[in-house]
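Undergrad: Enclosed is the structure file input28.txt (compact mmCIF, N, CA and C atoms).
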# COMPACT_ATOMS: atom_id res chain seq x y z
N MET V 1 9.28 -5.08 -13.00
CA MET V 1 9.50 -5.10 -11.57
C MET V 1 10.55 -4.05 -11.24
N SER V 2 10.31 -3.31 -10.23
CA SER V 2 11.25 -2.26 -9.83
C SER V 2 12.43 -2.87 -9.08
N TRP V 3 13.51 -2.10 -9.04
CA TRP V 3 14.71 -2.58 -8.37
C TRP V 3 14.51 -2.76 -6.87
N TYR V 4 13.64 -1.95 -6.26
CA TYR V 4 13.44 -2.09 -4.83
C TYR V 4 12.66 -3.36 -4.50
N LEU V 5 12.06 -3.99 -5.48
CA LEU V 5 11.44 -5.31 -5.29
C LEU V 5 12.35 -6.43 -5.78
N ALA V 6 13.11 -6.17 -6.84
CA ALA V 6 13.94 -7.21 -7.44
C ALA V 6 15.11 -7.59 -6.55
N LEU V 7 15.75 -6.64 -5.92
CA LEU V 7 16.92 -6.93 -5.11
C LEU V 7 16.58 -7.79 -3.88
N PRO V 8 15.56 -7.45 -3.07
CA PRO V 8 15.22 -8.35 -1.96
C PRO V 8 14.73 -9.71 -2.43
N SER V 9 14.06 -9.75 -3.57
CA SER V 9 13.61 -11.04 -4.11
C SER V 9 14.80 -11.92 -4.48
N ALA V 10 15.82 -11.32 -5.07
CA ALA V 10 17.01 -12.07 -5.44
C ALA V 10 17.75 -12.57 -4.20
N VAL V 11 17.82 -11.75 -3.17
CA VAL V 11 18.47 -12.17 -1.92
C VAL V 11 17.70 -13.31 -1.28
N PHE V 12 16.37 -13.21 -1.25
CA PHE V 12 15.55 -14.27 -0.67
C PHE V 12 15.65 -15.55 -1.50
N ALA V 13 15.75 -15.42 -2.82
CA ALA V 13 15.93 -16.59 -3.68
C ALA V 13 17.24 -17.29 -3.38
N ALA V 14 18.30 -16.51 -3.17
CA ALA V 14 19.59 -17.10 -2.83
C ALA V 14 19.53 -17.82 -1.49
N LEU V 15 18.84 -17.24 -0.52
CA LEU V 15 18.70 -17.90 0.78
C LEU V 15 17.91 -19.20 0.67
N LEU V 16 16.86 -19.21 -0.14
CA LEU V 16 16.09 -20.44 -0.36
C LEU V 16 16.97 -21.51 -1.01
N MET V 17 17.77 -21.12 -1.97
CA MET V 17 18.60 -22.09 -2.65
C MET V 17 19.70 -22.62 -1.74
N VAL V 18 20.24 -21.80 -0.87
CA VAL V 18 21.24 -22.27 0.09
C VAL V 18 20.60 -23.25 1.07
N GLY V 19 19.38 -22.94 1.53
CA GLY V 19 18.68 -23.86 2.42
C GLY V 19 18.36 -25.18 1.74
N GLY V 20 17.97 -25.12 0.47
CA GLY V 20 17.69 -26.34 -0.28
C GLY V 20 18.94 -27.19 -0.48
N ALA V 21 20.06 -26.54 -0.76
CA ALA V 21 21.31 -27.28 -0.93
C ALA V 21 21.75 -27.91 0.39
N ALA V 22 21.56 -27.20 1.50
CA ALA V 22 21.90 -27.77 2.81
C ALA V 22 21.01 -28.95 3.15
N THR V 23 19.74 -28.86 2.78
CA THR V 23 18.83 -29.97 3.04
C THR V 23 19.19 -31.18 2.19
N LEU V 24 19.52 -30.96 0.93
CA LEU V 24 19.89 -32.09 0.07
C LEU V 24 21.22 -32.72 0.49
N ARG V 25 22.15 -31.90 0.92
CA ARG V 25 23.47 -32.41 1.27
C ARG V 25 23.47 -33.17 2.58
N SER V 26 22.79 -32.63 3.59
CA SER V 26 22.90 -33.24 4.92
C SER V 26 21.57 -33.70 5.51
N GLY V 27 20.46 -33.38 4.88
CA GLY V 27 19.17 -33.74 5.45
C GLY V 27 18.71 -32.78 6.53
N TRP V 28 19.42 -31.67 6.69
CA TRP V 28 19.11 -30.71 7.72
C TRP V 28 17.92 -29.85 7.30
N VAL V 29 16.97 -29.67 8.22
CA VAL V 29 15.78 -28.86 7.99
C VAL V 29 15.70 -27.84 9.11
N MET V 30 15.19 -26.65 8.80
CA MET V 30 15.07 -25.60 9.82
C MET V 30 14.26 -26.12 11.01
N PRO V 31 14.58 -25.68 12.22
CA PRO V 31 13.94 -26.24 13.41
C PRO V 31 12.41 -26.10 13.42
N TRP V 32 11.86 -25.02 12.90
CA TRP V 32 10.41 -24.85 12.94
C TRP V 32 9.70 -25.68 11.87
N GLN V 33 10.46 -26.31 10.98
CA GLN V 33 9.86 -27.13 9.94
C GLN V 33 10.06 -28.62 10.17
N ARG V 34 10.83 -28.99 11.17
CA ARG V 34 11.17 -30.39 11.38
C ARG V 34 9.97 -31.26 11.69
N GLY V 35 8.98 -30.73 12.36
CA GLY V 35 7.81 -31.53 12.70
C GLY V 35 6.90 -31.79 11.51
N HIS V 36 7.05 -31.03 10.45
CA HIS V 36 6.15 -31.14 9.31
C HIS V 36 6.76 -31.89 8.13
N VAL V 37 8.08 -31.89 8.04
CA VAL V 37 8.74 -32.47 6.87
C VAL V 37 8.98 -33.95 7.12
N TYR V 38 8.42 -34.77 6.24
CA TYR V 38 8.57 -36.21 6.33
C TYR V 38 9.65 -36.72 5.38
N ARG V 39 9.79 -36.07 4.24
CA ARG V 39 10.78 -36.46 3.24
C ARG V 39 11.70 -35.26 2.96
N PRO V 40 12.85 -35.19 3.63
CA PRO V 40 13.72 -34.03 3.45
C PRO V 40 14.28 -33.87 2.03
N ARG V 41 14.42 -34.96 1.29
CA ARG V 41 14.94 -34.85 -0.07
C ARG V 41 13.97 -34.08 -0.96
N PHE V 42 12.68 -34.40 -0.88
CA PHE V 42 11.69 -33.64 -1.63
C PHE V 42 11.67 -32.19 -1.18
N PHE V 43 11.83 -31.98 0.12
CA PHE V 43 11.81 -30.62 0.65
C PHE V 43 12.98 -29.81 0.11
N GLY V 44 14.15 -30.42 0.01
CA GLY V 44 15.32 -29.72 -0.53
C GLY V 44 15.13 -29.36 -1.99
N TRP V 45 14.59 -30.29 -2.78
CA TRP V 45 14.34 -29.99 -4.19
C TRP V 45 13.27 -28.92 -4.33
N ALA V 46 12.28 -28.94 -3.43
CA ALA V 46 11.23 -27.91 -3.48
C ALA V 46 11.82 -26.53 -3.20
N GLU V 47 12.71 -26.45 -2.22
CA GLU V 47 13.34 -25.16 -1.93
C GLU V 47 14.19 -24.67 -3.10
N LEU V 48 14.91 -25.59 -3.74
CA LEU V 48 15.72 -25.19 -4.89
C LEU V 48 14.84 -24.72 -6.04
N ALA V 49 13.74 -25.42 -6.31
CA ALA V 49 12.85 -25.03 -7.41
C ALA V 49 12.19 -23.69 -7.12
N MET V 50 11.75 -23.48 -5.89
CA MET V 50 11.08 -22.22 -5.55
C MET V 50 12.08 -21.07 -5.52
N GLY V 51 13.30 -21.32 -5.08
CA GLY V 51 14.32 -20.28 -5.12
C GLY V 51 14.69 -19.92 -6.55
N GLY V 52 14.78 -20.92 -7.41
CA GLY V 52 15.05 -20.66 -8.82
C GLY V 52 13.93 -19.88 -9.48
N ALA V 53 12.69 -20.21 -9.13
CA ALA V 53 11.54 -19.49 -9.68
C ALA V 53 11.54 -18.04 -9.23
N LEU V 54 11.84 -17.82 -7.97
CA LEU V 54 11.89 -16.45 -7.47
C LEU V 54 13.03 -15.68 -8.11
N GLY V 55 14.16 -16.34 -8.33
CA GLY V 55 15.28 -15.70 -9.01
C GLY V 55 14.95 -15.35 -10.46
N LEU V 56 14.23 -16.24 -11.14
CA LEU V 56 13.80 -15.94 -12.50
C LEU V 56 12.85 -14.75 -12.53
N GLN V 57 11.92 -14.72 -11.59
CA GLN V 57 10.98 -13.61 -11.53
C GLN V 57 11.71 -12.30 -11.26
N ALA V 58 12.73 -12.35 -10.41
CA ALA V 58 13.48 -11.13 -10.11
C ALA V 58 14.35 -10.70 -11.29
N SER V 59 14.78 -11.66 -12.11
CA SER V 59 15.65 -11.32 -13.24
C SER V 59 14.88 -10.61 -14.36
N THR V 60 13.58 -10.64 -14.33
CA THR V 60 12.81 -9.96 -15.37
C THR V 60 12.92 -8.44 -15.26
N ALA V 61 13.47 -7.93 -14.15
CA ALA V 61 13.69 -6.50 -14.03
C ALA V 61 14.76 -6.03 -15.01
N LEU V 62 15.60 -6.95 -15.46
CA LEU V 62 16.67 -6.59 -16.38
C LEU V 62 16.27 -6.68 -17.85
N LEU V 63 15.09 -7.26 -18.13
CA LEU V 63 14.68 -7.50 -19.52
C LEU V 63 13.85 -6.34 -20.05
N ASP V 64 14.06 -6.04 -21.34
CA ASP V 64 13.28 -4.99 -22.00
C ASP V 64 12.27 -5.57 -22.99
N ASP V 65 12.55 -6.74 -23.53
CA ASP V 65 11.68 -7.35 -24.54
C ASP V 65 10.48 -8.01 -23.86
N ARG V 66 9.28 -7.65 -24.28
CA ARG V 66 8.07 -8.17 -23.65
C ARG V 66 7.87 -9.66 -23.91
N GLY V 67 8.27 -10.14 -25.09
CA GLY V 67 8.12 -11.55 -25.40
C GLY V 67 9.01 -12.42 -24.53
N VAL V 68 10.26 -12.03 -24.39
CA VAL V 68 11.19 -12.77 -23.55
C VAL V 68 10.77 -12.66 -22.09
N ASP V 69 10.30 -11.49 -21.69
CA ASP V 69 9.85 -11.26 -20.32
C ASP V 69 8.70 -12.20 -19.97
N SER V 70 7.72 -12.33 -20.85
CA SER V 70 6.59 -13.21 -20.55
C SER V 70 7.01 -14.67 -20.57
N MET V 71 7.97 -15.04 -21.44
CA MET V 71 8.44 -16.41 -21.46
C MET V 71 9.18 -16.75 -20.17
N VAL V 72 10.03 -15.85 -19.70
CA VAL V 72 10.77 -16.09 -18.46
C VAL V 72 9.81 -16.15 -17.27
N ARG V 73 8.81 -15.30 -17.27
CA ARG V 73 7.82 -15.35 -16.18
C ARG V 73 7.02 -16.65 -16.21
N GLY V 74 6.72 -17.15 -17.40
CA GLY V 74 6.01 -18.43 -17.52
C GLY V 74 6.85 -19.59 -17.02
N ILE V 75 8.14 -19.58 -17.35
CA ILE V 75 9.04 -20.63 -16.86
C ILE V 75 9.15 -20.54 -15.34
N GLY V 76 9.24 -19.31 -14.81
CA GLY V 76 9.29 -19.14 -13.36
C GLY V 76 8.03 -19.63 -12.67
N LEU V 77 6.89 -19.39 -13.30
CA LEU V 77 5.63 -19.88 -12.73
C LEU V 77 5.58 -21.40 -12.73
N GLY V 78 6.08 -22.02 -13.81
CA GLY V 78 6.13 -23.48 -13.86
C GLY V 78 7.05 -24.05 -12.78
N CYS V 79 8.20 -23.41 -12.56
CA CYS V 79 9.11 -23.84 -11.49
C CYS V 79 8.48 -23.66 -10.12
N LEU V 80 7.70 -22.59 -9.96
CA LEU V 80 7.03 -22.36 -8.69
C LEU V 80 5.99 -23.45 -8.41
N PHE V 81 5.23 -23.85 -9.43
CA PHE V 81 4.26 -24.93 -9.24
C PHE V 81 4.96 -26.27 -8.99
N LEU V 82 6.09 -26.50 -9.64
CA LEU V 82 6.85 -27.71 -9.38
C LEU V 82 7.33 -27.74 -7.93
N GLY V 83 7.86 -26.62 -7.46
CA GLY V 83 8.32 -26.53 -6.07
C GLY V 83 7.19 -26.70 -5.08
N LEU V 84 6.03 -26.13 -5.40
CA LEU V 84 4.89 -26.27 -4.51
C LEU V 84 4.42 -27.71 -4.44
N SER V 85 4.40 -28.41 -5.57
CA SER V 85 3.98 -29.81 -5.54
C SER V 85 4.98 -30.67 -4.78
N LEU V 86 6.28 -30.39 -4.94
CA LEU V 86 7.28 -31.13 -4.16
C LEU V 86 7.18 -30.82 -2.68
N LEU V 87 6.82 -29.59 -2.35
CA LEU V 87 6.66 -29.21 -0.95
C LEU V 87 5.49 -29.95 -0.32
N VAL V 88 4.41 -30.10 -1.06
CA VAL V 88 3.26 -30.84 -0.56
C VAL V 88 3.61 -32.31 -0.38
N LEU V 89 4.38 -32.87 -1.32
CA LEU V 89 4.78 -34.27 -1.21
C LEU V 89 5.73 -34.52 -0.03
N SER V 90 6.46 -33.50 0.38
CA SER V 90 7.41 -33.68 1.47
C SER V 90 6.75 -33.63 2.85
N GLN V 91 5.51 -33.20 2.92
CA GLN V 91 4.83 -33.07 4.21
C GLN V 91 4.41 -34.43 4.74
N ARG V 92 4.27 -34.50 6.03
CA ARG V 92 3.85 -35.75 6.68
C ARG V 92 2.40 -36.05 6.31
N PRO V 93 2.11 -37.30 5.97
CA PRO V 93 0.73 -37.64 5.65
C PRO V 93 -0.15 -37.52 6.89
N PRO V 94 -1.46 -37.25 6.72
CA PRO V 94 -2.34 -37.11 7.88
C PRO V 94 -2.43 -38.42 8.67
N ARG V 95 -2.65 -38.27 9.96
CA ARG V 95 -2.76 -39.46 10.83
C ARG V 95 -4.09 -40.14 10.60
N GLY V 96 -4.08 -41.44 10.75
CA GLY V 96 -5.32 -42.20 10.62
C GLY V 96 -5.56 -42.75 9.23
N ARG V 97 -4.62 -42.56 8.34
CA ARG V 97 -4.79 -43.10 6.98
C ARG V 97 -3.78 -44.16 6.70
Any chance you could put this one into structure tokens?
TA:
Amino acid sequence: MSWYLALPSAVFAALLMVGGAATLRSGWVMPWQRGHVYRPRFFGWAELAMGGALGLQASTALLDDRGVDSMVRGIGLGCLFLGLSLLVLSQRPPRGR
């Protein structure tokens, strides 16, 4: 990954993690997401997991070893799927069920 992609990814990962920490600490959710989030605790953990995954993906710009690079990318992908599943669990269930 080039530096011009890694640096904005790292900044966005930090912003996601700050938002996740704010959600876990106070239950606060961004205004455009308040209508969709039913469980803010799951949403906060999802933001932390996805921010960590993005940070791991951005950190591979510093690695030279292909084996370690692929292992870190695999761990990042696993964290991304964990965050996605928590994000789905945090959404409001459909009406009528």
Undergrad: By how many Å are atom CA of V:Leu16 and atom CA of V:Ala49 apart?
TA: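 Pair atom CA of V:Leu16 / atom CA of V:Ala49 returns 9.0 Å.
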Undergrad: Compile the contact shell of V:Met17 as a PyMOL selection string: residues with an atom at most 7 Å away, counting only C-alpha atoms, same-chain residues fewer than 6 positions apart removed.
TA: chain V and resi 47-48+51
Undergrad: Could you give me, as a PyMOL selection string, the residues that have an atom at most 7 Å away from the point (7.1, -38.3, 3.6) in the coordinates of the file, using only N, CA and C atoms?
TA: chain V and resi 37-40+89-93
Undergrad: Dump N, CA and C atoms for the selected residues as a compact mmCIF listing (two decimals), in the frame of the given file?
TA:
# COMPACT_ATOMS: atom_id res chain seq x y z
N VAL V 37 8.08 -31.89 8.04
CA VAL V 37 8.74 -32.47 6.87
C VAL V 37 8.98 -33.95 7.12
N TYR V 38 8.42 -34.77 6.24
CA TYR V 38 8.57 -36.21 6.33
C TYR V 38 9.65 -36.72 5.38
N ARG V 39 9.79 -36.07 4.24
CA ARG V 39 10.78 -36.46 3.24
C ARG V 39 11.70 -35.26 2.96
N PRO V 40 12.85 -35.19 3.63
CA PRO V 40 13.72 -34.03 3.45
C PRO V 40 14.28 -33.87 2.03
N LEU V 89 4.38 -32.87 -1.32
CA LEU V 89 4.78 -34.27 -1.21
C LEU V 89 5.73 -34.52 -0.03
N SER V 90 6.46 -33.50 0.38
CA SER V 90 7.41 -33.68 1.47
C SER V 90 6.75 -33.63 2.85
N GLN V 91 5.51 -33.20 2.92
CA GLN V 91 4.83 -33.07 4.21
C GLN V 91 4.41 -34.43 4.74
N ARG V 92 4.27 -34.50 6.03
CA ARG V 92 3.85 -35.75 6.68
C ARG V 92 2.40 -36.05 6.31
N PRO V 93 2.11 -37.30 5.97
CA PRO V 93 0.73 -37.64 5.65
C PRO V 93 -0.15 -37.52 6.89
Undergrad: For a test of reading the model, state the distance in Å between atom CA of V:Val72 and atom C of V:Ser59, rounded to one decimal.
TA: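 Between these atoms lies a distance of 8.0 Å.
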Undergrad: Using only C-alpha atoms, which protein or nucleic acid residues come within 12 Å of V:Ile75? Drop anything in the same chain fewer than 2 positions from it, and give the result as a list in words.
TA: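 The contact residues come out as Ala49, Met50, Gly52, Ala53, Leu54, Gly55, Leu56, Gln57, Ser59, Thr60, Val68, Asp69, Ser70, Met71, Val72, Arg73, Leu77, Gly78, Cys79, Leu80, Phe81 and Leu82 of chain V.
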Undergrad: Could you please take those selected residues and save N, CA and C atoms as a short mmCIF file (atom, residue, chain, number, x, y, z; two decimals), keeping the file's coordinate frame?
TA:
data_model
loop_
_atom_site.label_atom_id
_atom_site.label_comp_id
_atom_site.auth_asym_id
_atom_site.auth_seq_id
_atom_site.Cartn_x
_atom_site.Cartn_y
_atom_site.Cartn_z
N ALA V 49 13.74 -25.42 -6.31
CA ALA V 49 12.85 -25.03 -7.41
C ALA V 49 12.19 -23.69 -7.12
N MET V 50 11.75 -23.48 -5.89
CA MET V 50 11.08 -22.22 -5.55
C MET V 50 12.08 -21.07 -5.52
N GLY V 52 14.78 -20.92 -7.41
CA GLY V 52 15.05 -20.66 -8.82
C GLY V 52 13.93 -19.88 -9.48
N ALA V 53 12.69 -20.21 -9.13
CA ALA V 53 11.54 -19.49 -9.68
C ALA V 53 11.54 -18.04 -9.23
N LEU V 54 11.84 -17.82 -7.97
CA LEU V 54 11.89 -16.45 -7.47
C LEU V 54 13.03 -15.68 -8.11
N GLY V 55 14.16 -16.34 -8.33
CA GLY V 55 15.28 -15.70 -9.01
C GLY V 55 14.95 -15.35 -10.46
N LEU V 56 14.23 -16.24 -11.14
CA LEU V 56 13.80 -15.94 -12.50
C LEU V 56 12.85 -14.75 -12.53
N GLN V 57 11.92 -14.72 -11.59
CA GLN V 57 10.98 -13.61 -11.53
C GLN V 57 11.71 -12.30 -11.26
N SER V 59 14.78 -11.66 -12.11
CA SER V 59 15.65 -11.32 -13.24
C SER V 59 14.88 -10.61 -14.36
N THR V 60 13.58 -10.64 -14.33
CA THR V 60 12.81 -9.96 -15.37
C THR V 60 12.92 -8.44 -15.26
N VAL V 68 10.26 -12.03 -24.39
CA VAL V 68 11.19 -12.77 -23.55
C VAL V 68 10.77 -12.66 -22.09
N ASP V 69 10.30 -11.49 -21.69
CA ASP V 69 9.85 -11.26 -20.32
C ASP V 69 8.70 -12.20 -19.97
N SER V 70 7.72 -12.33 -20.85
CA SER V 70 6.59 -13.21 -20.55
C SER V 70 7.01 -14.67 -20.57
N MET V 71 7.97 -15.04 -21.44
CA MET V 71 8.44 -16.41 -21.46
C MET V 71 9.18 -16.75 -20.17
N VAL V 72 10.03 -15.85 -19.70
CA VAL V 72 10.77 -16.09 -18.46
C VAL V 72 9.81 -16.15 -17.27
N ARG V 73 8.81 -15.30 -17.27
CA ARG V 73 7.82 -15.35 -16.18
C ARG V 73 7.02 -16.65 -16.21
N LEU V 77 6.89 -19.39 -13.30
CA LEU V 77 5.63 -19.88 -12.73
C LEU V 77 5.58 -21.40 -12.73
N GLY V 78 6.08 -22.02 -13.81
CA GLY V 78 6.13 -23.48 -13.86
C GLY V 78 7.05 -24.05 -12.78
N CYS V 79 8.20 -23.41 -12.56
CA CYS V 79 9.11 -23.84 -11.49
C CYS V 79 8.48 -23.66 -10.12
N LEU V 80 7.70 -22.59 -9.96
CA LEU V 80 7.03 -22.36 -8.69
C LEU V 80 5.99 -23.45 -8.41
N PHE V 81 5.23 -23.85 -9.43
CA PHE V 81 4.26 -24.93 -9.24
C PHE V 81 4.96 -26.27 -8.99
N LEU V 82 6.09 -26.50 -9.64
CA LEU V 82 6.85 -27.71 -9.38
C LEU V 82 7.33 -27.74 -7.93
#
Undergrad: Identify which of the residues V:Ala58, V:Ala14, V:Ala46, V:Leu63 lies closest to V:Leu84, counting all atoms listed in the file when measuring atom-to-atom distances.
TA: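 Result for the nearest residue to V:Leu84: V:Ala46.
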Undergrad: Find the distance between atom N of V:Leu87 and atom CA of V:Gly67 and write it in Å to one decimal.
TA: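 One can read the atom N of V:Leu87 to atom CA of V:Gly67 distance as 29.3 Å.
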Undergrad: Please identify the helix (DSSP H, G or I) residues within stretch 12-49 of chain V (assignment by DSSP from backbone atoms) and present them as an NGL selection string.
TA: :V and (12-26 or 31-33 or 40-49)
